[in-house]
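Engineer: The structure file data11.cif (mmCIF, C-alpha atoms and all ligand atoms) is provided below.
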```cif
data_upload
#
loop_
_atom_site.label_atom_id
_atom_site.label_comp_id
_atom_site.auth_asym_id
_atom_site.auth_seq_id
_atom_site.Cartn_x
_atom_site.Cartn_y
_atom_site.Cartn_z
CA MET A 1135 -30.57 33.45 21.96
CA GLN A 1136 -32.82 30.53 22.88
CA PHE A 1137 -33.28 28.05 25.71
CA ILE A 1138 -34.05 24.47 24.71
CA SER A 1139 -34.54 21.32 26.72
CA ALA A 1140 -35.65 17.70 26.46
CA GLU A 1141 -36.33 14.82 28.83
CA TYR A 1142 -32.61 14.11 28.88
CA LEU A 1143 -29.65 16.07 27.61
CA PHE A 1144 -26.73 13.92 26.44
CA THR A 1145 -23.75 16.23 26.20
CA GLY A 1146 -21.51 13.61 24.55
CA LYS A 1147 -19.12 13.67 27.49
CA ALA A 1148 -20.95 13.57 30.82
CA ALA A 1149 -23.82 11.51 32.23
CA PRO A 1150 -27.23 12.47 30.79
CA ILE A 1151 -28.80 15.49 32.50
CA LYS A 1152 -32.49 15.04 33.29
CA ASN A 1153 -34.38 18.01 31.84
CA GLY A 1154 -31.04 19.66 31.01
CA VAL A 1155 -31.26 23.05 29.31
CA ILE A 1156 -29.04 24.52 26.60
CA CYS A 1157 -28.76 28.23 26.07
CA ILE A 1158 -27.77 28.68 22.45
CA ASP A 1159 -27.25 31.71 20.20
CA ASN A 1160 -28.78 32.15 16.76
CA ASN A 1161 -25.63 30.87 15.04
CA GLY A 1162 -25.70 27.59 16.97
CA PHE A 1163 -22.99 28.41 19.51
CA VAL A 1164 -23.63 26.99 22.96
CA LEU A 1165 -23.67 29.79 25.54
CA GLU A 1166 -24.46 27.68 28.57
CA VAL A 1167 -25.52 24.19 29.68
CA LEU A 1168 -27.83 24.19 32.69
CA ASN A 1169 -28.72 21.36 35.06
CA PRO A 1170 -32.05 21.86 36.87
CA ALA A 1171 -30.70 19.88 39.84
CA VAL A 1172 -28.23 22.68 40.59
CA ASP A 1173 -29.07 25.69 38.39
CA GLU A 1174 -32.01 28.02 38.64
CA ILE A 1175 -34.08 27.93 35.46
CA ASN A 1176 -36.80 30.23 34.23
CA TRP A 1177 -38.94 27.55 32.56
CA GLU A 1178 -41.17 30.13 30.84
CA LYS A 1179 -38.31 30.90 28.49
CA VAL A 1180 -37.49 27.27 27.71
CA LYS A 1181 -38.73 25.36 24.67
CA LYS A 1182 -39.14 21.80 25.88
CA TYR A 1183 -39.01 18.76 23.58
CA GLU A 1184 -39.91 15.13 24.16
CA GLY A 1185 -37.06 12.67 23.75
CA ILE A 1186 -33.38 13.42 24.13
CA ILE A 1187 -31.02 16.08 22.85
CA CYS A 1188 -27.47 15.18 21.80
CA PRO A 1189 -24.62 16.75 19.79
CA GLY A 1190 -24.43 16.52 15.99
CA PHE A 1191 -23.16 13.12 14.83
CA VAL A 1192 -19.67 12.46 13.53
CA ASN A 1193 -19.58 9.86 10.75
CA THR A 1194 -16.02 8.54 10.80
CA HIS A 1195 -16.31 6.23 7.80
CA CYS A 1196 -18.05 6.85 4.52
CA HIS A 1197 -17.31 6.51 0.80
CA LEU A 1198 -19.39 9.35 -0.58
CA GLU A 1199 -18.14 8.69 -4.11
CA LEU A 1200 -19.84 5.26 -4.14
CA SER A 1201 -23.31 6.74 -3.53
CA TYR A 1202 -24.39 5.95 -7.11
CA LEU A 1203 -24.34 2.24 -6.16
CA LYS A 1204 -27.28 2.59 -3.75
CA GLY A 1205 -29.44 -0.53 -4.02
CA LYS A 1206 -27.30 -1.93 -6.86
CA ILE A 1207 -25.21 -4.51 -4.99
CA SER A 1208 -26.61 -7.79 -3.68
CA GLN A 1209 -26.65 -8.41 0.05
CA ASP A 1210 -24.70 -11.12 1.87
CA THR A 1211 -22.08 -11.58 -0.85
CA LYS A 1212 -19.21 -11.60 1.68
CA LEU A 1213 -16.37 -9.16 1.13
CA HIS A 1214 -14.75 -10.76 -1.93
CA GLY A 1215 -18.16 -10.97 -3.66
CA PHE A 1216 -18.84 -7.35 -2.77
CA ILE A 1217 -15.55 -6.18 -4.30
CA GLN A 1218 -16.28 -8.26 -7.41
CA GLU A 1219 -19.71 -6.66 -7.86
CA ILE A 1220 -18.32 -3.14 -7.47
CA ILE A 1221 -15.70 -3.84 -10.13
CA SER A 1222 -18.30 -5.16 -12.58
CA LEU A 1223 -20.74 -2.27 -12.01
CA ARG A 1224 -18.55 0.77 -11.68
CA GLU A 1225 -18.17 1.61 -15.38
CA GLN A 1226 -21.92 1.64 -16.00
CA PHE A 1227 -22.69 5.08 -14.55
CA SER A 1228 -22.13 8.51 -16.06
CA GLU A 1229 -20.28 11.34 -14.33
CA GLN A 1230 -23.61 13.16 -14.03
CA GLU A 1231 -25.27 10.22 -12.28
CA ARG A 1232 -22.38 9.99 -9.85
CA LEU A 1233 -22.43 13.69 -9.01
CA GLU A 1234 -26.18 13.70 -8.44
CA ALA A 1235 -25.94 10.67 -6.16
CA ILE A 1236 -23.16 12.33 -4.14
CA GLN A 1237 -25.26 15.47 -3.62
CA LEU A 1238 -28.29 13.49 -2.52
CA ALA A 1239 -26.15 11.46 -0.14
CA GLU A 1240 -24.72 14.58 1.45
CA GLN A 1241 -28.21 15.96 1.89
CA GLU A 1242 -29.28 12.71 3.52
CA MET A 1243 -26.42 12.97 6.02
CA ILE A 1244 -27.33 16.56 6.88
CA THR A 1245 -30.99 15.66 7.40
CA ASN A 1246 -29.90 12.77 9.64
CA GLY A 1247 -27.96 15.07 11.97
CA ILE A 1248 -24.44 14.34 10.76
CA VAL A 1249 -22.07 17.32 11.03
CA ALA A 1250 -18.67 15.86 10.15
CA VAL A 1251 -17.46 13.00 7.98
CA GLY A 1252 -14.28 10.98 7.56
CA ASP A 1253 -14.63 10.12 3.90
CA ILE A 1254 -12.65 7.68 1.77
CA SER A 1255 -11.85 8.80 -1.78
CA ASN A 1256 -10.25 6.91 -4.64
CA GLY A 1257 -10.90 9.71 -7.13
CA ASN A 1258 -11.82 13.39 -7.10
CA THR A 1259 -15.56 13.30 -7.83
CA THR A 1260 -16.45 14.50 -4.32
CA PHE A 1261 -13.86 17.28 -4.02
CA ASN A 1262 -15.95 20.15 -5.43
CA LEU A 1263 -18.87 19.37 -3.14
CA LYS A 1264 -16.58 19.05 -0.13
CA GLN A 1265 -15.13 22.46 -0.85
CA GLN A 1266 -18.59 23.98 -0.32
CA ASN A 1267 -18.30 23.12 3.39
CA ASN A 1268 -21.91 22.02 3.82
CA LEU A 1269 -20.42 19.46 6.19
CA TYR A 1270 -16.97 19.14 7.73
CA TYR A 1271 -14.95 16.58 5.76
CA HIS A 1272 -11.64 14.90 6.28
CA THR A 1273 -10.74 13.04 3.09
CA PHE A 1274 -8.76 9.81 3.24
CA ILE A 1275 -7.23 9.27 -0.17
CA GLU A 1276 -7.12 5.54 -0.36
CA VAL A 1277 -4.44 3.44 -2.02
CA PHE A 1278 -4.39 -0.27 -2.67
CA GLY A 1279 -2.34 -2.72 -4.69
CA SER A 1280 -1.21 -6.14 -3.53
CA ASP A 1281 1.13 -6.46 -6.50
CA PRO A 1282 4.48 -4.87 -5.55
CA ALA A 1283 5.07 -4.06 -9.22
CA ILE A 1284 2.34 -1.38 -9.18
CA ALA A 1285 3.31 0.19 -5.84
CA LYS A 1286 4.92 3.30 -7.32
CA SER A 1287 2.16 4.05 -9.83
CA ALA A 1288 -0.61 3.46 -7.25
CA PHE A 1289 1.10 5.79 -4.80
CA ASN A 1290 1.77 8.45 -7.43
CA HIS A 1291 -1.92 8.49 -8.37
CA ALA A 1292 -2.84 9.03 -4.71
CA GLU A 1293 -0.22 11.74 -4.30
CA LEU A 1294 -1.57 13.62 -7.31
CA LEU A 1295 -5.04 13.54 -5.77
CA TYR A 1296 -3.65 14.66 -2.43
CA ASN A 1297 -1.78 17.55 -4.01
CA SER A 1298 -4.93 18.64 -5.85
CA TYR A 1299 -7.03 18.68 -2.66
CA PHE A 1300 -8.17 22.15 -1.61
CA ASP A 1301 -7.11 21.84 2.04
CA LYS A 1302 -4.28 19.45 2.84
CA THR A 1303 -4.80 19.83 6.58
CA LYS A 1304 -8.04 17.92 6.00
CA ALA A 1305 -6.66 15.13 3.79
CA SER A 1306 -4.44 12.07 4.19
CA ILE A 1307 -3.12 9.28 2.04
CA THR A 1308 -4.26 6.06 3.63
CA PRO A 1309 -3.92 2.31 2.99
CA HIS A 1310 -7.12 0.54 1.91
CA ALA A 1311 -7.07 -2.57 4.07
CA THR A 1312 -4.86 -5.01 5.91
CA TYR A 1313 -4.78 -7.41 2.94
CA SER A 1314 -4.60 -5.17 -0.13
CA VAL A 1315 -1.32 -3.26 0.21
CA SER A 1316 2.08 -4.70 -0.71
CA ASN A 1317 5.09 -4.12 1.52
CA LYS A 1318 6.56 -1.79 -1.07
CA LEU A 1319 3.39 0.32 -1.17
CA THR A 1320 3.24 0.27 2.63
CA GLU A 1321 6.65 1.96 2.79
CA LEU A 1322 5.55 4.75 0.44
CA ILE A 1323 2.29 5.40 2.31
CA LYS A 1324 3.95 5.25 5.70
CA SER A 1325 6.62 7.80 4.94
CA HIS A 1326 4.02 10.19 3.47
CA CYS A 1327 1.86 9.79 6.59
CA ILE A 1328 4.75 10.34 8.97
CA LYS A 1329 6.01 13.38 7.05
CA ASN A 1330 2.55 14.98 7.12
CA ASN A 1331 1.52 13.74 10.57
CA SER A 1332 -1.57 12.33 8.83
CA LEU A 1333 -4.64 10.72 10.28
CA VAL A 1334 -4.89 7.17 8.98
CA SER A 1335 -7.96 5.03 8.36
CA ILE A 1336 -7.70 1.30 7.55
CA HIS A 1337 -10.36 -1.31 6.81
CA ASN A 1338 -9.66 -3.96 9.41
CA GLN A 1339 -10.82 -7.56 9.88
CA GLU A 1340 -14.01 -7.08 7.93
CA THR A 1341 -14.22 -10.66 6.71
CA GLU A 1342 -13.38 -14.02 8.21
CA SER A 1343 -10.76 -15.04 5.65
CA GLU A 1344 -8.73 -11.89 6.42
CA ASN A 1345 -7.20 -13.47 9.52
CA GLN A 1346 -6.57 -16.72 7.65
CA PHE A 1347 -4.87 -14.68 4.89
CA PHE A 1348 -2.10 -13.66 7.30
CA LYS A 1349 -2.07 -16.63 9.65
CA GLU A 1350 -1.82 -19.32 7.02
CA GLY A 1351 -1.31 -17.58 3.68
CA LYS A 1352 -4.46 -19.07 2.19
CA GLY A 1353 -8.26 -18.80 2.11
CA LYS A 1354 -10.95 -17.05 0.04
CA LEU A 1355 -9.45 -13.58 0.13
CA PHE A 1356 -5.89 -14.81 -0.43
CA ASP A 1357 -7.01 -16.77 -3.51
CA PHE A 1358 -9.37 -14.05 -4.80
CA LEU A 1359 -6.52 -11.53 -4.78
CA ASN A 1360 -4.06 -13.99 -6.31
CA ILE A 1361 -1.50 -13.16 -3.66
CA ALA A 1362 0.75 -16.16 -4.23
CA GLU A 1363 1.16 -15.22 -7.88
CA LYS A 1364 1.47 -11.45 -7.35
CA THR A 1365 4.19 -11.79 -4.74
CA LYS A 1366 5.88 -14.59 -6.70
CA GLY A 1367 5.63 -16.84 -3.68
CA ALA A 1368 7.33 -14.30 -1.40
CA PHE A 1369 4.31 -13.90 0.90
CA LYS A 1370 5.17 -15.35 4.31
CA PRO A 1371 2.33 -16.24 6.71
CA THR A 1372 2.78 -14.53 10.07
CA GLN A 1373 0.90 -17.02 12.29
CA GLN A 1374 -0.87 -13.95 13.60
CA ASN A 1375 -4.22 -12.30 12.92
CA ALA A 1376 -4.56 -9.60 10.26
CA LEU A 1377 -4.41 -6.64 12.64
CA PRO A 1378 -1.01 -7.26 14.28
CA SER A 1379 0.44 -8.60 11.01
CA PHE A 1380 -0.44 -5.42 9.20
CA LEU A 1381 -0.22 -2.63 11.74
CA ALA A 1382 3.22 -3.66 12.97
CA LYS A 1383 4.57 -2.24 9.69
CA TYR A 1384 3.14 1.19 10.54
CA ASN A 1385 4.99 2.30 13.66
CA GLY A 1386 5.37 6.01 14.24
CA LEU A 1387 1.97 7.08 12.93
CA ASN A 1388 -0.39 9.72 14.29
CA LYS A 1389 -3.97 8.60 15.11
CA VAL A 1390 -5.16 5.43 13.38
CA LEU A 1391 -8.80 4.48 12.80
CA LEU A 1392 -9.50 0.77 12.37
CA VAL A 1393 -12.72 0.29 10.47
CA HIS A 1394 -15.21 -2.63 10.82
CA ASN A 1395 -13.42 -4.93 13.30
CA THR A 1396 -16.02 -7.64 12.75
CA PHE A 1397 -13.51 -10.45 13.28
CA THR A 1398 -11.28 -8.65 15.78
CA GLU A 1399 -10.46 -10.68 18.87
CA LYS A 1400 -9.63 -9.71 22.43
CA GLU A 1401 -5.91 -10.40 21.81
CA ASP A 1402 -5.92 -8.08 18.79
CA ILE A 1403 -7.27 -5.21 20.88
CA ALA A 1404 -4.67 -5.81 23.58
CA TRP A 1405 -1.95 -5.91 20.91
CA ALA A 1406 -3.19 -2.65 19.33
CA ASN A 1407 -3.18 -0.87 22.69
CA GLN A 1408 0.38 -2.02 23.33
CA PHE A 1409 1.37 -0.83 19.88
CA SER A 1410 -0.07 2.69 20.14
CA ASN A 1411 -2.22 4.80 22.44
CA GLN A 1412 -3.75 6.55 19.44
CA ILE A 1413 -5.95 3.74 18.13
CA TYR A 1414 -9.60 4.47 17.36
CA TRP A 1415 -12.17 1.92 16.21
CA ALA A 1416 -15.04 2.53 13.79
CA PHE A 1417 -18.12 0.34 13.63
CA CYS A 1418 -20.26 0.26 10.48
CA SER A 1419 -22.89 -2.12 11.76
CA ASN A 1420 -25.34 -1.98 8.89
CA ALA A 1421 -22.63 -2.48 6.27
CA ASN A 1422 -21.48 -5.56 8.18
CA GLN A 1423 -25.05 -6.78 8.14
CA TYR A 1424 -25.33 -5.99 4.42
CA ILE A 1425 -22.11 -7.68 3.29
CA GLU A 1426 -21.23 -10.33 5.86
CA GLY A 1427 -24.39 -10.85 7.89
CA ARG A 1428 -22.20 -10.60 10.99
CA GLN A 1429 -21.68 -8.08 13.78
CA PRO A 1430 -18.50 -7.28 15.72
CA ASN A 1431 -18.38 -8.38 19.35
CA TYR A 1432 -19.07 -4.90 20.74
CA HIS A 1433 -18.55 -6.02 24.32
CA LEU A 1434 -14.83 -6.42 23.68
CA PHE A 1435 -14.61 -2.71 22.91
CA LEU A 1436 -16.38 -1.11 25.87
CA ASN A 1437 -13.19 0.52 27.17
CA GLU A 1438 -11.86 1.54 23.75
CA LYS A 1439 -12.14 4.75 21.74
CA CYS A 1440 -15.02 3.63 19.52
CA THR A 1441 -16.63 5.67 16.75
CA ILE A 1442 -19.44 5.12 14.27
CA GLY A 1443 -19.42 5.13 10.46
CA THR A 1444 -22.11 4.60 7.89
CA ASP A 1445 -19.83 3.16 5.21
CA SER A 1446 -21.18 3.82 1.71
CA LEU A 1447 -24.58 3.52 0.07
CA ALA A 1448 -23.08 0.61 -1.91
CA SER A 1449 -23.32 -1.45 1.28
CA ASN A 1450 -25.95 0.30 3.34
CA TRP A 1451 -29.61 1.23 3.16
CA SER A 1452 -29.08 4.72 4.58
CA LEU A 1453 -26.44 7.21 5.68
CA SER A 1454 -27.67 7.58 9.22
CA ILE A 1455 -25.64 7.30 12.41
CA LEU A 1456 -28.89 6.75 14.31
CA ASP A 1457 -29.63 3.69 12.14
CA GLU A 1458 -26.17 2.33 13.02
CA LEU A 1459 -26.80 2.90 16.73
CA LYS A 1460 -30.14 1.11 16.49
CA THR A 1461 -28.42 -1.95 15.04
CA ILE A 1462 -25.77 -1.98 17.76
CA SER A 1463 -28.38 -1.44 20.46
CA ASN A 1464 -30.51 -4.24 19.05
CA ASN A 1465 -27.51 -6.57 18.89
CA SER A 1466 -26.09 -5.63 22.30
CA PRO A 1467 -28.94 -4.17 24.41
CA SER A 1468 -26.81 -3.87 27.55
CA ILE A 1469 -24.68 -1.09 26.04
CA GLU A 1470 -26.04 2.12 27.48
CA LEU A 1471 -27.24 4.94 25.26
CA GLU A 1472 -24.79 7.30 26.96
CA LYS A 1473 -21.91 5.21 25.63
CA LEU A 1474 -23.42 4.91 22.16
CA ILE A 1475 -23.85 8.67 21.94
CA LYS A 1476 -20.23 9.12 22.97
CA TRP A 1477 -19.17 6.76 20.18
CA ALA A 1478 -21.32 8.71 17.72
CA THR A 1479 -20.11 12.16 18.71
CA ILE A 1480 -17.09 13.12 20.83
CA ASN A 1481 -14.89 10.11 20.03
CA GLY A 1482 -15.15 10.70 16.30
CA ALA A 1483 -14.56 14.42 16.78
CA GLU A 1484 -11.42 13.65 18.77
CA PHE A 1485 -10.16 11.29 16.11
CA LEU A 1486 -10.69 13.90 13.38
CA GLY A 1487 -9.13 16.57 15.60
CA ILE A 1488 -12.23 18.78 15.52
CA ASP A 1489 -13.38 18.49 19.11
CA LYS A 1490 -12.85 22.20 19.73
CA GLN A 1491 -16.04 22.76 17.76
CA TYR A 1492 -17.78 19.39 17.44
CA GLY A 1493 -18.62 16.29 19.42
CA SER A 1494 -20.05 17.63 22.66
CA ILE A 1495 -22.52 20.19 23.95
CA GLU A 1496 -20.28 22.57 25.88
CA LYS A 1497 -20.00 26.31 26.29
CA GLY A 1498 -18.26 27.90 23.30
CA LYS A 1499 -18.76 25.01 20.86
CA LYS A 1500 -20.97 24.86 17.79
CA PRO A 1501 -21.52 21.10 17.69
CA GLY A 1502 -24.88 20.85 15.92
CA ILE A 1503 -27.84 19.88 18.09
CA ASN A 1504 -29.93 16.76 17.41
CA LEU A 1505 -33.26 15.70 18.85
CA ILE A 1506 -33.94 11.97 19.10
CA GLU A 1507 -37.57 11.01 19.62
CA GLN A 1508 -39.51 7.78 20.10
CA LEU A 1509 -37.29 6.20 22.71
CA ASN A 1510 -38.23 3.47 25.08
CA GLY A 1511 -39.33 5.80 27.88
CA ASP A 1512 -38.41 3.95 31.05
CA SER A 1513 -34.97 2.73 30.13
CA ILE A 1514 -33.90 5.52 27.74
CA LYS A 1515 -33.10 3.05 25.00
CA LEU A 1516 -33.38 3.43 21.27
CA THR A 1517 -36.22 1.61 19.56
CA GLN A 1518 -36.54 0.66 15.90
CA GLU A 1519 -38.97 3.62 15.63
CA SER A 1520 -36.55 6.22 17.03
CA THR A 1521 -36.07 9.25 14.78
CA VAL A 1522 -33.55 12.05 14.61
CA SER A 1523 -34.11 15.67 13.63
CA VAL A 1524 -31.79 18.65 13.60
CA LEU A 1525 -32.60 21.50 15.99
CA PHE A 1526 -29.45 23.53 15.22
ZN ZN A 1601 -15.26 1.27 3.82
#
```
Can the structure from this file be put into structure tokens for me?

Structural biologist:
Amino acid sequence: MQFISAEYLFTGKAAPIKNGVICIDNNGFVLEVLNPAVDEINWEKVKKYEGIICPGFVNTHCHLELSYLKGKISQDTKLHGFIQEIISLREQFSEQERLEAIQLAEQEMITNGIVAVGDISNGNTTFNLKQQNNLYYHTFIEVFGSDPAIAKSAFNHAELLYNSYFDKTKASITPHATYSVSNKLTELIKSHCIKNNSLVSIHNQETESENQFFKEGKGKLFDFLNIAEKTKGAFKPTQQNALPSFLAKYNGLNKVLLVHNTFTEKEDIAWANQFSNQIYWAFCSNANQYIEGRQPNYHLFLNEKCTIGTDSLASNWSLSILDELKTISNNSPSIELEKLIKWATINGAEFLGIDKQYGSIEKGKKPGINLIEQLNGDSIKLTQESTVSVLF
């Protein structure tokens, strides 16, 4: 048993506790959280750190299997260019290279204080590593196909992967993005998700032409994916943005995570909240910077259930939730650190359904304990120099 403390303790749920103390056992279970303003503390027993303590981070969006593409894809290509580069590069790496990159990437996440990951998979290269339980994983087996003719075969491939997964309570079949799934494929995915009460994760409004795709049935993405030809002219513009156009087809789902939201508007958020009370949002700020050079309007989301993802090393310089928070904080300095920590911890844990153990520093949980140092002292803000280390 140990007592640890820092200048502020961010529990993930409540307001930061000045000089808060955690009593923790040797296995990382929290025995007690003490507030010096009300609790008596024997300071001789307490190990005190500079900086702040917070729960282990939950990374709600990653593609571990793409780790071999670190540093290989050009920046600022926009989404269609990014997809094109992945397609042209993906055959050039051996199985061994991929497996090594995945292992290194997992290690990087652990070092950076990440304890749980919502990970997208198109194949099974990450499954063996995930089974070792070095981190908590929920695997989203992703399906795409805008050509209705391939709906059945695309879904069958995903179902085979799903059935081969070692723990189906921690896996879902999930649609890739608003623009890349035909109506026929949507039906197959939806009924699987409803039957299994699955968590769903969808790439949403990542690029500007995604809204135009649905509103007008044209634009860069629409042309790049050859939608007119694939649907034999049957695609009907909805006069609405991508989010309502797409999600309306998915009524009756369990929790849904919308990922990126770079071009999401106030009306889209209002629509989503009308549609379901189980909507979560994931921001992958550095990937947005990498691919689109744009950031979401975070201020629209201050009352929403926001979470943080790193996306993959194909579109990011690191797998670090702290690096994502720095980018958000730099872009929108008025968002308080307390809120950012909540986005990075408890909200993601709630989405993944693991908040009994993770996401907040509370008696009985084993959430992982991070120390963040090098903050801007007076205002408790992150700086570009802030670092994270794992205490438990
Ligand atoms: Zn992604």

Engineer: Could you check which of A:Glu1293, A:Glu1229, A:Asp1253, A:Asp1301 is closest to Ile1323 in chain A, using all atoms listed in the file?

Structural biologist: A:Glu1293

Engineer: Would you mind listing what lies within 7 Å of Ile1236 in chain A as a VMD selection string, with all atoms listed in the file counted and same-chain residues fewer than 4 positions away left out?

Structural biologist: chain A and resid 1198 to 1199 1201 1232 1240

Engineer: Would you list the contacts of Val1164 in chain A as a PyMOL selection string, taking every protein, DNA or RNA residue within 9 Å and counting all atoms listed in the file, but skipping same-chain residues closer than 4 positions in sequence?

Structural biologist: chain A and resi 1156-1159+1495-1501

Engineer: Figure out the distance between CA of Gly1427 in chain A and CA of Asp1357 in chain A, please, to one decimal in Å.

Structural biologist: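 Spanning CA of Asp1357 in chain A to CA of Gly1427 in chain A is a straight-line distance of 21.6 Å.
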
Engineer: Which is closest to Tyr1313 in chain A among A:Ile1488, A:Ile1284, A:Leu1453, A:Leu1213, if we use all atoms listed in the file?

Structural biologist: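 Among the listed residues, A:Leu1213 lies closest to Tyr1313 in chain A.
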
Engineer: In the coordinates of the file, take the point (-17.4, 12.8, 26.1) and a cut-off of 7 Å; then, counting all atoms listed in the file, name each qualifying protein, DNA or RNA residue as an mmCIF file with C-alpha atoms, keeping the file's coordinate frame.

Structural biologist:
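The result, written out as out.cif:
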```
data_model
loop_
_atom_site.group_PDB
_atom_site.id
_atom_site.type_symbol
_atom_site.label_atom_id
_atom_site.label_comp_id
_atom_site.auth_asym_id
_atom_site.auth_seq_id
_atom_site.Cartn_x
_atom_site.Cartn_y
_atom_site.Cartn_z
ATOM 1 C CA GLY A 1146 -21.510 13.610 24.550
ATOM 2 C CA LYS A 1147 -19.120 13.670 27.490
ATOM 3 C CA ALA A 1148 -20.950 13.570 30.820
ATOM 4 C CA LYS A 1476 -20.230 9.120 22.970
ATOM 5 C CA ILE A 1480 -17.090 13.120 20.830
ATOM 6 C CA SER A 1494 -20.050 17.630 22.660
#
```

Engineer: All residues within 9 Å of ligand ZN 1601 (chain A) are required, counting all atoms listed in the file; please report them as JSON, numbers by chain.

Structural biologist: {"A": [1195, 1196, 1197, 1253, 1254, 1310, 1336, 1337, 1393, 1394, 1418, 1421, 1443, 1444, 1445, 1446, 1449]}

Engineer: Contacts of range 1465-1473 of chain A at 8 Å or less, counting all atoms listed in the file, minus same-chain residues fewer than 5 places along, as a PDB file with C-alpha atoms, in the coordinates of the input?

Structural biologist:
```
ATOM      1  CA  PHE A1144     -26.730  13.920  26.440  1.00  0.00           C
ATOM      2  CA  GLY A1146     -21.510  13.610  24.550  1.00  0.00           C
ATOM      3  CA  ALA A1149     -23.820  11.510  32.230  1.00  0.00           C
ATOM      4  CA  PRO A1150     -27.230  12.470  30.790  1.00  0.00           C
ATOM      5  CA  GLN A1429     -21.680  -8.080  13.780  1.00  0.00           C
ATOM      6  CA  TYR A1432     -19.070  -4.900  20.740  1.00  0.00           C
ATOM      7  CA  HIS A1433     -18.550  -6.020  24.320  1.00  0.00           C
ATOM      8  CA  ILE A1514     -33.900   5.520  27.740  1.00  0.00           C
ATOM      9  CA  LYS A1515     -33.100   3.050  25.000  1.00  0.00           C
ATOM     10  CA  LEU A1516     -33.380   3.430  21.270  1.00  0.00           C
TER      11      LEU A1516
END
```

Engineer: Distance CA of Leu1486 in chain A-CA of Glu1276 in chain A, one decimal place?

Structural biologist: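 One can read the CA of Leu1486 in chain A to CA of Glu1276 in chain A distance as 16.5 Å.
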
Engineer: Limit the output to C-alpha atoms and give range 1312-1330 of chain A as a PDB file, in the first residue's frame.

Structural biologist:
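Result written to part.pdb:
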```pdb
ATOM      1  CA  THR A1312     -20.552   7.617 -43.794  1.00  0.00           C
ATOM      2  CA  TYR A1313     -19.612   7.522 -47.492  1.00  0.00           C
ATOM      3  CA  SER A1314     -18.147   4.057 -48.047  1.00  0.00           C
ATOM      4  CA  VAL A1315     -20.979   1.638 -47.261  1.00  0.00           C
ATOM      5  CA  SER A1316     -23.776   0.783 -49.698  1.00  0.00           C
ATOM      6  CA  ASN A1317     -27.365   0.514 -48.499  1.00  0.00           C
ATOM      7  CA  LYS A1318     -27.255  -3.231 -48.967  1.00  0.00           C
ATOM      8  CA  LEU A1319     -24.132  -3.544 -46.815  1.00  0.00           C
ATOM      9  CA  THR A1320     -25.672  -1.196 -44.245  1.00  0.00           C
ATOM     10  CA  GLU A1321     -28.572  -3.623 -43.768  1.00  0.00           C
ATOM     11  CA  LEU A1322     -26.216  -6.556 -43.146  1.00  0.00           C
ATOM     12  CA  ILE A1323     -24.054  -4.643 -40.657  1.00  0.00           C
ATOM     13  CA  LYS A1324     -27.036  -3.171 -38.865  1.00  0.00           C
ATOM     14  CA  SER A1325     -28.770  -6.463 -38.236  1.00  0.00           C
ATOM     15  CA  HIS A1326     -25.519  -8.006 -36.938  1.00  0.00           C
ATOM     16  CA  CYS A1327     -25.014  -5.037 -34.592  1.00  0.00           C
ATOM     17  CA  ILE A1328     -28.565  -5.143 -33.287  1.00  0.00           C
ATOM     18  CA  LYS A1329     -28.466  -8.910 -32.762  1.00  0.00           C
ATOM     19  CA  ASN A1330     -25.223  -8.654 -30.782  1.00  0.00           C
TER      20      ASN A1330
END
```
